[in-house]
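**Student:** Input protein33.pdb, format and content: PDB, C-alpha atoms (C1' of nucleotides).
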```pdb
ATOM      1  CA  MET A   1     -15.468  -7.180   0.559
ATOM      2  CA  ALA A   2     -14.321  -5.295   3.601
ATOM      3  CA  ARG A   3     -14.031  -8.700   5.210
ATOM      4  CA  VAL A   4     -11.794 -10.034   2.482
ATOM      5  CA  ARG A   5      -9.512  -7.064   2.888
ATOM      6  CA  ALA A   6      -9.547  -7.266   6.669
ATOM      7  CA  LEU A   7      -8.695 -10.940   6.478
ATOM      8  CA  SER A   8      -5.826 -10.171   4.158
ATOM      9  CA  ARG A   9      -4.471  -7.515   6.535
ATOM     10  CA  THR A  10      -4.795  -9.769   9.547
ATOM     11  CA  VAL A  11      -3.165 -12.786   7.938
ATOM     12  CA  THR A  12      -0.443 -10.642   6.400
ATOM     13  CA  SER A  13       0.478  -9.185   9.760
ATOM     14  CA  LEU A  14       0.629 -12.678  11.212
ATOM     15  CA  TYR A  15       3.119 -13.802   8.569
ATOM     16  CA  GLU A  16       5.144 -10.621   8.719
ATOM     17  CA  GLU A  17       5.468 -10.924  12.453
ATOM     18  CA  GLU A  18       7.118 -14.276  11.877
ATOM     19  CA  LEU A  19       9.367 -13.094   9.040
ATOM     20  CA  ARG A  20      10.368  -9.820  10.680
ATOM     21  CA  PRO A  21      13.606 -11.159  12.212
ATOM     22  CA  LEU A  22      14.855 -11.762   8.659
ATOM     23  CA  GLY A  23      13.804  -8.363   7.383
ATOM     24  CA  LEU A  24      11.479 -10.016   4.889
ATOM     25  CA  LYS A  25       8.023  -8.715   3.971
ATOM     26  CA  ALA A  26       5.147 -10.936   2.919
ATOM     27  CA  SER A  27       5.151  -9.615  -0.622
ATOM     28  CA  GLN A  28       8.846 -10.334  -0.977
ATOM     29  CA  MET A  29       8.469 -13.855   0.351
ATOM     30  CA  ASN A  30       5.626 -14.246  -2.097
ATOM     31  CA  VAL A  31       7.916 -13.353  -4.990
ATOM     32  CA  MET A  32      10.720 -15.559  -3.691
ATOM     33  CA  THR A  33       8.392 -18.511  -3.560
ATOM     34  CA  ALA A  34       7.295 -17.878  -7.108
ATOM     35  CA  ILE A  35      10.879 -17.732  -8.318
ATOM     36  CA  ALA A  36      11.892 -20.734  -6.256
ATOM     37  CA  VAL A  37       9.462 -23.035  -8.015
ATOM     38  CA  SER A  38      10.774 -22.230 -11.467
ATOM     39  CA  GLY A  39      14.336 -21.032 -11.010
ATOM     40  CA  GLU A  40      14.285 -18.149 -13.464
ATOM     41  CA  GLU A  41      11.341 -16.407 -15.018
ATOM     42  CA  ARG A  42      10.277 -13.360 -16.893
ATOM     43  CA  LEU A  43       8.832 -10.562 -14.833
ATOM     44  CA  SER A  44       5.546 -10.785 -16.693
ATOM     45  CA  THR A  45       5.323 -14.526 -16.095
ATOM     46  CA  LEU A  46       5.897 -14.050 -12.382
ATOM     47  CA  ALA A  47       3.421 -11.184 -12.214
ATOM     48  CA  ASP A  48       0.846 -13.342 -13.859
ATOM     49  CA  ARG A  49       1.514 -16.262 -11.574
ATOM     50  CA  ILE A  50       1.086 -14.271  -8.398
ATOM     51  CA  ALA A  51      -1.752 -12.117  -9.749
ATOM     52  CA  LEU A  52       0.136  -8.869  -9.261
ATOM     53  CA  GLU A  53       0.363  -5.958 -11.687
ATOM     54  CA  PRO A  54       3.701  -5.935 -13.503
ATOM     55  CA  SER A  55       4.273  -2.391 -12.309
ATOM     56  CA  SER A  56       3.800  -3.485  -8.698
ATOM     57  CA  LEU A  57       6.089  -6.444  -9.106
ATOM     58  CA  SER A  58       8.654  -4.150 -10.667
ATOM     59  CA  ARG A  59       8.652  -2.073  -7.466
ATOM     60  CA  VAL A  60       8.917  -5.076  -5.192
ATOM     61  CA  LEU A  61      11.851  -6.334  -7.261
ATOM     62  CA  ASP A  62      13.551  -2.939  -6.910
ATOM     63  CA  VAL A  63      13.696  -3.430  -3.159
ATOM     64  CA  MET A  64      14.749  -7.049  -3.416
ATOM     65  CA  ARG A  65      17.478  -6.179  -5.896
ATOM     66  CA  ARG A  66      18.693  -3.408  -3.615
ATOM     67  CA  ASN A  67      18.887  -5.964  -0.819
ATOM     68  CA  GLY A  68      20.878  -8.271  -3.071
ATOM     69  CA  TRP A  69      18.308 -11.064  -3.014
ATOM     70  CA  VAL A  70      17.502 -11.205  -6.718
ATOM     71  CA  GLU A  71      19.004 -10.034  -9.972
ATOM     72  CA  THR A  72      17.399  -9.282 -13.294
ATOM     73  CA  VAL A  73      19.036  -9.766 -16.656
ATOM     74  CA  ILE A  74      17.917  -8.968 -20.154
ATOM     75  CA  ASP A  75      16.334 -11.953 -21.833
ATOM     76  CA  PRO A  76      18.606 -12.818 -24.767
ATOM     77  CA  ASP A  77      15.583 -14.140 -26.647
ATOM     78  CA  ASP A  78      13.704 -10.852 -26.343
ATOM     79  CA  GLU A  79      15.570  -7.806 -25.231
ATOM     80  CA  ARG A  80      12.427  -6.121 -23.935
ATOM     81  CA  ALA A  81      11.968  -8.834 -21.351
ATOM     82  CA  ARG A  82      13.774  -9.296 -18.052
ATOM     83  CA  LEU A  83      14.667 -12.610 -16.490
ATOM     84  CA  VAL A  84      14.469 -12.589 -12.715
ATOM     85  CA  ARG A  85      16.564 -14.983 -10.691
ATOM     86  CA  MET A  86      17.553 -15.458  -7.099
ATOM     87  CA  THR A  87      21.085 -14.659  -5.938
ATOM     88  CA  ASP A  88      22.994 -16.925  -3.565
ATOM     89  CA  ALA A  89      22.150 -14.536  -0.768
ATOM     90  CA  GLY A  90      18.522 -14.727  -1.832
ATOM     91  CA  ASN A  91      18.522 -18.496  -1.788
ATOM     92  CA  ALA A  92      20.174 -18.557   1.617
ATOM     93  CA  LEU A  93      17.584 -16.161   2.978
ATOM     94  CA  TYR A  94      14.785 -18.136   1.417
ATOM     95  CA  ALA A  95      16.043 -21.284   3.100
ATOM     96  CA  GLU A  96      15.986 -19.485   6.432
ATOM     97  CA  ALA A  97      12.564 -18.051   5.763
ATOM     98  CA  CYS A  98      10.778 -21.259   4.854
ATOM     99  CA  PRO A  99      10.607 -22.692   8.393
ATOM    100  CA  LEU A 100       9.336 -19.373   9.734
ATOM    101  CA  TRP A 101       6.804 -19.309   6.956
ATOM    102  CA  ARG A 102       5.586 -22.737   7.933
ATOM    103  CA  THR A 103       5.326 -21.634  11.543
ATOM    104  CA  ALA A 104       3.133 -18.763  10.478
ATOM    105  CA  GLN A 105       1.100 -21.131   8.356
ATOM    106  CA  THR A 106       0.552 -23.342  11.345
ATOM    107  CA  ARG A 107      -0.560 -20.403  13.412
ATOM    108  CA  ALA A 108      -2.915 -19.294  10.655
ATOM    109  CA  ARG A 109      -4.355 -22.778  10.303
ATOM    110  CA  LYS A 110      -4.840 -23.015  14.016
ATOM    111  CA  LEU A 111      -6.798 -19.801  13.985
ATOM    112  CA  LEU A 112      -8.874 -20.567  10.943
ATOM    113  CA  GLY A 113      -9.286 -24.212  11.622
ATOM    114  CA  ARG A 114      -7.695 -26.728   9.333
ATOM    115  CA  GLU A 115     -10.763 -27.684   7.404
ATOM    116  CA  ASP A 116     -11.855 -24.147   6.920
ATOM    117  CA  ALA A 117      -8.414 -23.391   5.614
ATOM    118  CA  GLU A 118      -8.838 -26.041   2.946
ATOM    119  CA  VAL A 119     -12.173 -24.622   1.933
ATOM    120  CA  PHE A 120     -10.729 -21.208   1.827
ATOM    121  CA  ALA A 121      -7.753 -22.348  -0.225
ATOM    122  CA  ALA A 122     -10.094 -23.857  -2.791
ATOM    123  CA  LEU A 123     -12.064 -20.628  -2.929
ATOM    124  CA  ALA A 124      -8.999 -18.551  -3.310
ATOM    125  CA  ASN A 125      -7.696 -20.808  -6.028
ATOM    126  CA  ARG A 126     -10.874 -20.272  -7.928
ATOM    127  CA  SER A 127     -10.493 -16.543  -7.566
ATOM    128  CA  LEU A 128      -7.085 -16.786  -9.153
ATOM    129  CA  SER A 129      -8.484 -18.687 -12.079
ATOM    130  CA  TRP A 130     -10.714 -15.715 -12.866
ATOM    131  CA  ARG A 131      -7.698 -14.239 -14.462
ATOM    132  CA  ALA A 132      -7.052 -17.188 -16.685
ATOM    133  CA  PRO A 133      -8.893 -16.888 -19.995
TER     134      PRO A 133
ATOM    135  CA  MET B 134      -1.290 -16.819   2.421
ATOM    136  CA  ALA B 135      -0.294 -15.628  -0.994
ATOM    137  CA  ARG B 136      -3.753 -16.755  -2.027
ATOM    138  CA  VAL B 137      -5.482 -14.671   0.605
ATOM    139  CA  ARG B 138      -3.575 -11.629  -0.553
ATOM    140  CA  ALA B 139      -4.189 -12.368  -4.215
ATOM    141  CA  LEU B 140      -7.879 -12.773  -3.513
ATOM    142  CA  SER B 141      -7.913  -9.456  -1.719
ATOM    143  CA  ARG B 142      -6.214  -7.712  -4.647
ATOM    144  CA  THR B 143      -8.551  -9.280  -7.167
ATOM    145  CA  VAL B 144     -11.725  -8.501  -5.277
ATOM    146  CA  THR B 145     -10.540  -5.002  -4.449
ATOM    147  CA  SER B 146      -9.912  -4.225  -8.099
ATOM    148  CA  LEU B 147     -13.383  -5.490  -8.939
ATOM    149  CA  TYR B 148     -14.975  -3.118  -6.438
ATOM    150  CA  GLU B 149     -12.766  -0.207  -7.369
ATOM    151  CA  GLU B 150     -13.610  -0.630 -11.012
ATOM    152  CA  GLU B 151     -17.236  -0.115 -10.067
ATOM    153  CA  LEU B 152     -16.592   2.842  -7.749
ATOM    154  CA  ARG B 153     -14.083   4.578 -10.019
ATOM    155  CA  PRO B 154     -16.663   6.876 -11.663
ATOM    156  CA  LEU B 155     -17.241   8.445  -8.236
ATOM    157  CA  GLY B 156     -13.570   8.812  -7.449
ATOM    158  CA  LEU B 157     -13.976   6.528  -4.447
ATOM    159  CA  LYS B 158     -11.450   3.919  -3.381
ATOM    160  CA  ALA B 159     -12.361   0.680  -1.650
ATOM    161  CA  SER B 160     -10.700   1.720   1.596
ATOM    162  CA  GLN B 161     -12.631   4.970   1.653
ATOM    163  CA  MET B 162     -15.930   3.232   0.992
ATOM    164  CA  ASN B 163     -14.997   0.876   3.775
ATOM    165  CA  VAL B 164     -14.637   3.775   6.199
ATOM    166  CA  MET B 165     -17.832   5.420   4.987
ATOM    167  CA  THR B 166     -19.770   2.262   5.628
ATOM    168  CA  ALA B 167     -18.364   2.048   9.123
ATOM    169  CA  ILE B 168     -19.352   5.624   9.861
ATOM    170  CA  ALA B 169     -22.754   5.231   8.239
ATOM    171  CA  VAL B 170     -23.827   2.509  10.641
ATOM    172  CA  SER B 171     -23.117   4.574  13.730
ATOM    173  CA  GLY B 172     -23.301   8.207  12.671
ATOM    174  CA  GLU B 173     -20.340   9.530  14.594
ATOM    175  CA  GLU B 174     -17.494   7.635  16.152
ATOM    176  CA  ARG B 175     -14.055   7.964  17.584
ATOM    177  CA  LEU B 176     -11.211   7.202  15.272
ATOM    178  CA  SER B 177     -10.030   4.379  17.495
ATOM    179  CA  THR B 178     -13.486   2.826  17.561
ATOM    180  CA  LEU B 179     -13.697   2.906  13.785
ATOM    181  CA  ALA B 180     -10.198   1.534  13.416
ATOM    182  CA  ASP B 181     -11.075  -1.301  15.694
ATOM    183  CA  ARG B 182     -14.295  -2.040  13.882
ATOM    184  CA  ILE B 183     -12.684  -2.305  10.487
ATOM    185  CA  ALA B 184      -9.517  -3.995  11.767
ATOM    186  CA  LEU B 185      -7.229  -1.248  10.529
ATOM    187  CA  GLU B 186      -4.316   0.330  12.347
ATOM    188  CA  PRO B 187      -5.246   3.751  13.749
ATOM    189  CA  SER B 188      -2.319   5.263  11.882
ATOM    190  CA  SER B 189      -3.597   3.849   8.601
ATOM    191  CA  LEU B 190      -7.111   5.055   9.252
ATOM    192  CA  SER B 191      -5.712   8.457  10.118
ATOM    193  CA  ARG B 192      -4.172   8.622   6.649
ATOM    194  CA  VAL B 193      -7.326   7.502   4.889
ATOM    195  CA  LEU B 194      -9.278  10.143   6.791
ATOM    196  CA  ASP B 195      -6.773  12.789   5.668
ATOM    197  CA  VAL B 196      -7.714  12.124   2.062
ATOM    198  CA  MET B 197     -11.415  11.932   2.794
ATOM    199  CA  ARG B 198     -11.277  15.185   4.759
ATOM    200  CA  ARG B 199      -9.400  16.846   1.920
ATOM    201  CA  ASN B 200     -12.182  15.688  -0.401
ATOM    202  CA  GLY B 201     -14.747  17.159   1.956
ATOM    203  CA  TRP B 202     -16.448  13.839   2.683
ATOM    204  CA  VAL B 203     -15.845  13.687   6.432
ATOM    205  CA  GLU B 204     -14.893  16.010   9.242
ATOM    206  CA  THR B 205     -13.241  15.352  12.567
ATOM    207  CA  VAL B 206     -13.876  17.256  15.746
ATOM    208  CA  ILE B 207     -12.332  17.070  19.161
ATOM    209  CA  ASP B 208     -14.340  14.887  21.495
ATOM    210  CA  PRO B 209     -15.587  17.167  24.273
ATOM    211  CA  ASP B 210     -15.511  14.208  26.669
ATOM    212  CA  ASP B 211     -11.831  13.540  26.036
ATOM    213  CA  GLU B 212      -9.804  16.126  24.245
ATOM    214  CA  ARG B 213      -7.279  13.553  23.048
ATOM    215  CA  ALA B 214      -9.930  11.801  21.003
ATOM    216  CA  ARG B 215     -11.400  12.768  17.648
ATOM    217  CA  LEU B 216     -14.968  12.229  16.575
ATOM    218  CA  VAL B 217     -15.340  11.430  12.899
ATOM    219  CA  ARG B 218     -18.532  12.219  11.077
ATOM    220  CA  MET B 219     -19.732  12.375   7.511
ATOM    221  CA  THR B 220     -20.405  15.725   5.840
ATOM    222  CA  ASP B 221     -23.467  16.325   3.677
ATOM    223  CA  ALA B 222     -21.285  15.870   0.613
ATOM    224  CA  GLY B 223     -20.051  12.626   2.112
ATOM    225  CA  ASN B 224     -23.549  11.361   2.730
ATOM    226  CA  ALA B 225     -24.591  12.288  -0.792
ATOM    227  CA  LEU B 226     -21.616  10.464  -2.238
ATOM    228  CA  TYR B 227     -22.274   7.478  -0.045
ATOM    229  CA  ALA B 228     -25.830   7.300  -1.300
ATOM    230  CA  GLU B 229     -24.549   7.285  -4.852
ATOM    231  CA  ALA B 230     -21.924   4.711  -4.065
ATOM    232  CA  CYS B 231     -24.155   2.142  -2.432
ATOM    233  CA  PRO B 232     -25.851   0.924  -5.608
ATOM    234  CA  LEU B 233     -22.495   0.608  -7.344
ATOM    235  CA  TRP B 234     -21.201  -1.253  -4.343
ATOM    236  CA  ARG B 235     -24.052  -3.688  -4.575
ATOM    237  CA  THR B 236     -23.386  -4.167  -8.263
ATOM    238  CA  ALA B 237     -19.811  -5.066  -7.471
ATOM    239  CA  GLN B 238     -21.035  -7.378  -4.752
ATOM    240  CA  THR B 239     -23.257  -9.144  -7.226
ATOM    241  CA  ARG B 240     -20.384  -9.549  -9.632
ATOM    242  CA  ALA B 241     -18.195 -10.892  -6.845
ATOM    243  CA  ARG B 242     -20.875 -13.330  -5.742
ATOM    244  CA  LYS B 243     -21.360 -14.484  -9.292
ATOM    245  CA  LEU B 244     -17.685 -15.220  -9.546
ATOM    246  CA  LEU B 245     -17.318 -16.894  -6.197
ATOM    247  CA  GLY B 246     -20.638 -18.618  -6.203
ATOM    248  CA  ARG B 247     -23.252 -17.547  -3.732
ATOM    249  CA  GLU B 248     -22.839 -20.385  -1.305
ATOM    250  CA  ASP B 249     -19.100 -20.151  -1.310
ATOM    251  CA  ALA B 250     -19.449 -16.482  -0.554
ATOM    252  CA  GLU B 251     -21.444 -17.309   2.557
ATOM    253  CA  VAL B 252     -18.842 -19.783   3.679
ATOM    254  CA  PHE B 253     -16.161 -17.266   3.040
ATOM    255  CA  ALA B 254     -18.019 -14.546   4.899
ATOM    256  CA  ALA B 255     -18.274 -16.797   7.924
ATOM    257  CA  LEU B 256     -14.573 -17.526   7.716
ATOM    258  CA  ALA B 257     -13.663 -13.910   7.406
ATOM    259  CA  ASN B 258     -15.912 -12.994  10.300
ATOM    260  CA  ARG B 259     -14.051 -15.449  12.436
ATOM    261  CA  SER B 260     -10.778 -13.903  11.391
ATOM    262  CA  LEU B 261     -11.999 -10.557  12.612
ATOM    263  CA  SER B 262     -12.861 -12.014  15.966
ATOM    264  CA  TRP B 263      -9.207 -12.985  16.417
ATOM    265  CA  ARG B 264      -8.686  -9.441  17.426
ATOM    266  CA  ALA B 265     -11.230  -9.512  20.131
ATOM    267  CA  PRO B 266      -9.677 -10.494  23.471
TER     268      PRO B 266
ATOM    269  C1'  DT C 267      12.118  -2.808 -45.798
ATOM    270  C1'  DG C 268      10.379   0.644 -43.118
ATOM    271  C1'  DA C 269       6.560   2.582 -40.621
ATOM    272  C1'  DA C 270       2.675   1.318 -37.693
ATOM    273  C1'  DA C 271       1.057  -1.686 -34.315
ATOM    274  C1'  DC C 272       2.253  -4.289 -30.550
ATOM    275  C1'  DT C 273       4.583  -5.966 -26.354
ATOM    276  C1'  DA C 274       7.586  -5.899 -21.992
ATOM    277  C1'  DC C 275       8.936  -3.302 -18.654
ATOM    278  C1'  DT C 276       9.677   1.212 -16.021
ATOM    279  C1'  DT C 277       8.312   5.584 -14.075
ATOM    280  C1'  DG C 278       5.119   9.304 -12.378
ATOM    281  C1'  DT C 279       1.618   9.894  -9.278
ATOM    282  C1'  DA C 280      -1.562   8.889  -5.731
ATOM    283  C1'  DC C 281      -3.181   6.303  -2.195
ATOM    284  C1'  DA C 282      -2.805   2.119   1.361
ATOM    285  C1'  DT C 283      -0.636   0.148   5.187
ATOM    286  C1'  DG C 284       2.134  -0.771   9.265
ATOM    287  C1'  DC C 285       5.574   0.142  12.904
ATOM    288  C1'  DA C 286       8.045   3.175  15.776
ATOM    289  C1'  DA C 287       8.477   7.478  17.663
ATOM    290  C1'  DC C 288       6.231  11.422  19.116
ATOM    291  C1'  DC C 289       2.752  14.927  21.056
ATOM    292  C1'  DA C 290      -1.063  16.038  23.859
ATOM    293  C1'  DC C 291      -4.314  15.029  27.131
ATOM    294  C1'  DT C 292      -6.006  12.091  31.152
ATOM    295  C1'  DC C 293      -5.615   9.212  35.092
ATOM    296  C1'  DT C 294      -3.389   7.373  39.306
ATOM    297  C1'  DC C 295      -1.346   7.439  43.371
ATOM    298  C1'  DA C 296       2.036   8.726  46.655
TER     299       DA C 296
ATOM    300  C1'  DT D 297      -1.817  17.973  43.885
ATOM    301  C1'  DG D 298       1.844  17.070  40.996
ATOM    302  C1'  DA D 299       4.852  13.687  38.729
ATOM    303  C1'  DG D 300       4.754   9.470  36.226
ATOM    304  C1'  DA D 301       2.124   6.098  33.796
ATOM    305  C1'  DG D 302      -1.326   5.457  30.406
ATOM    306  C1'  DT D 303      -4.146   6.502  26.287
ATOM    307  C1'  DG D 304      -5.657   8.545  21.654
ATOM    308  C1'  DG D 305      -3.944  10.383  17.550
ATOM    309  C1'  DT D 306      -0.484  12.016  14.234
ATOM    310  C1'  DT D 307       3.842  11.877  11.777
ATOM    311  C1'  DG D 308       8.306   9.886   9.797
ATOM    312  C1'  DC D 309       9.681   6.338   7.148
ATOM    313  C1'  DA D 310       9.534   2.321   4.245
ATOM    314  C1'  DT D 311       7.030  -0.518   1.348
ATOM    315  C1'  DG D 312       2.934  -2.193  -1.359
ATOM    316  C1'  DT D 313      -0.307  -1.438  -5.021
ATOM    317  C1'  DA D 314      -2.535   0.247  -9.183
ATOM    318  C1'  DC D 315      -3.352   3.006 -13.340
ATOM    319  C1'  DA D 316      -1.634   5.935 -16.877
ATOM    320  C1'  DA D 317       1.949   7.403 -19.580
ATOM    321  C1'  DG D 318       6.518   6.714 -21.306
ATOM    322  C1'  DT D 319      10.549   3.977 -23.289
ATOM    323  C1'  DA D 320      12.601   0.429 -25.817
ATOM    324  C1'  DG D 321      12.548  -3.646 -28.517
ATOM    325  C1'  DT D 322       9.684  -6.739 -31.790
ATOM    326  C1'  DT D 323       6.380  -8.013 -35.289
ATOM    327  C1'  DT D 324       3.474  -7.242 -39.136
ATOM    328  C1'  DC D 325       2.359  -5.949 -43.481
ATOM    329  C1'  DA D 326       1.830  -2.902 -47.336
TER     330       DA D 326
END
```
Using the file provided, produce a representation of the structure as structure tokens.

**Tutor:**
Amino acid sequence: MARVRALSRTVTSLYEEELRPLGLKASQMNVMTAIAVSGEERLSTLADRIALEPSSLSRVLDVMRRNGWVETVIDPDDERARLVRMTDAGNALYAEACPLWRTAQTRARKLLGREDAEVFAALANRSLSWRAP
Amino acid sequence: MARVRALSRTVTSLYEEELRPLGLKASQMNVMTAIAVSGEERLSTLADRIALEPSSLSRVLDVMRRNGWVETVIDPDDERARLVRMTDAGNALYAEACPLWRTAQTRARKLLGREDAEVFAALANRSLSWRAP
DNA sequence: TGAAACTACTTGTACATGCAACCACTCTCA
DNA sequence: TGAGAGTGGTTGCATGTACAAGTAGTTTCA
């Protein structure tokens, strides 16, 4: 348990070190990636996809909105819901961030060992599926 | 990366669910365990052992001290340093927490699969060693 | 159709976490 | 031996994270 958390802290700091020049945090990159794959999504859908509480995602989006990277609009189909989408600035930043992200990934793989990383990825995937019914 | 963090969140919430009746958070239990194995340690030693920034540990200890679970005294050998030790109340709480902790561990193992958990533990151990010179 | 139940998100509150800057003590070396 | 470098912790600041409670819009059903 402690080890899972320590691993998370260590790997996070590795990625953030790489992203720091862009002023991006790991959690924000995480959200950007989630939006990037689908273009525009409801907050709850995103939260579910990245296994984050909606309230936490809401806070992360506050910062990202303040930075002008994303915008949220009321879903015309359900006025309770919010659609989250990237701004042009957000897309530009994301494009800059991706190579740095991959660099960090390479560093992480090098440290963990490529095969171990695969094993771990499979494990982690399974952990995510716990949430699925 | 996102998966490591998601795993950490998921597993943390599993443990915290179990510890909630005692008012203990995962990070606090983490610190207690570290102290329990050695009795009394410097803050920096503990921080190093659990791969946490000293500043973060300092904050966790603030809460634990406020709750009366630990106390910190000036190290007579080096007045810059602080020795952290458990109080009686802390030890009592720790004793109560351990069984709950193990319950959570069992649940986590059940979800991950026992063998996978071993593999993961080995992986995570390696990640900790990254910090060692 | 209108109130109750439900759903989507936000906000209050508390704690977690890291980095940079800072304070206090210790060590080194001219 | 005294100033400067080094070390151990704490604090300021920003963000992440979760749970509980609150708000607003939607659905259900008598």

**Student:** Pull out every residue that the PyMOL selection byres ((chain C) within 10 of (chain A)) matches in the shown coordinates and put them as a PyMOL selection string.

**Tutor:** chain C and resi 273-277+283-284

**Student:** Please determine, counting only C-alpha atoms, which residue among A:Arg20, A:Arg66, A:Arg85, A:Arg49 has the shortest atom-to-atom distance to chain B.

**Tutor:**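 Checking each candidate against chain B, we get A:Arg49 as the closest.
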
**Student:** Residues of chain D within 7 Å of chain A, counting all atoms listed in the file - could you list those as number ranges by chain?

**Tutor:** D: 313, 320-321

**Student:** For a quick check of understanding, using only C-alpha atoms (C1' of nucleotides), which of A:Val37, A:Leu61, A:Ala108, A:Met1 has the smallest distance to D:DG312?

**Tutor:**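 Nearest to D:DG312: A:Leu61.
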
**Student:** Quick check, in Å to one decimal: how far apart do atom C1' of D:DT323 and atom C1' of C:DA271 lie?

**Tutor:**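 Separation of atom C1' of D:DT323 and atom C1' of C:DA271: 8.3 Å.
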
**Student:** Could you name the residues that touch B:Ala222 at 9 Å or less, counting all atoms listed in the file, but leaving out those on the same chain fewer than 2 positions away, as a PyMOL selection string?

**Tutor:** chain B and resi 201-203+219-220+224-227

**Student:** Grab the atom CA of B:Glu173 to atom CA of B:Ala228 distance for me, in Å with one decimal place.

**Tutor:**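 If I compute the distance from atom CA of B:Glu173 to atom CA of B:Ala228, I get 17.0 Å.
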
**Student:** What does the distance from atom C1' of D:DT311 to atom CA of A:Asp62 come to in Å, to one decimal?

**Tutor:**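 Going from atom C1' of D:DT311 over to atom CA of A:Asp62 covers 10.8 Å.
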
**Student:** Once 8 Å is added on each side, what are the centre and the three edge lengths, in Å to one decimal, of the axis-aligned box enclosing the listed atoms of stretch 62-78 of chain A? Present them as lines of an AutoDock Vina configuration file.

**Tutor:**
```
center_x = 17.2
center_y = -8.5
center_z = -13.7
size_x = 23.3
size_y = 27.2
size_z = 41.8
```

**Student:** When the PyMOL selection byres ((chain A) within 6 of (chain B)) is applied to the file above, which residues end up in the set, as an MDAnalysis selection string?

**Tutor:** chainID A and resid 3:5 7:8 124

**Student:** If you apply the PyMOL selection byres ((chain D and resi 326) around 12) to this file, what residues do you get, as a list in words?

**Tutor:** DT267, DG268, DA269 and DA270 of chain C; DT324 and DC325 of chain D

**Student:** Would you list the residues near (7.8, -2.7, 14.0) (no more than 12 Å away, in the coordinates of the file, using only C-alpha atoms (C1' of nucleotides)) as a PyMOL selection string?

**Tutor:** (chain A and resi 13+16-21+23+25) or (chain C and resi 284-287) or (chain D and resi 309-310)

**Student:** Residues within 12 Å of C:DC288, please, as a PyMOL selection string. Count only C-alpha atoms (C1' of nucleotides); anything in the same chain fewer than 2 positions from it doesn't count.

**Tutor:** (chain C and resi 286+290) or (chain D and resi 305-308)

**Student:** Within 12 Å of (-3.5, 11.0, -10.4), all atoms listed in the file: residues as a PyMOL selection string?

**Tutor:** (chain B and resi 156) or (chain C and resi 278-281) or (chain D and resi 314-317)
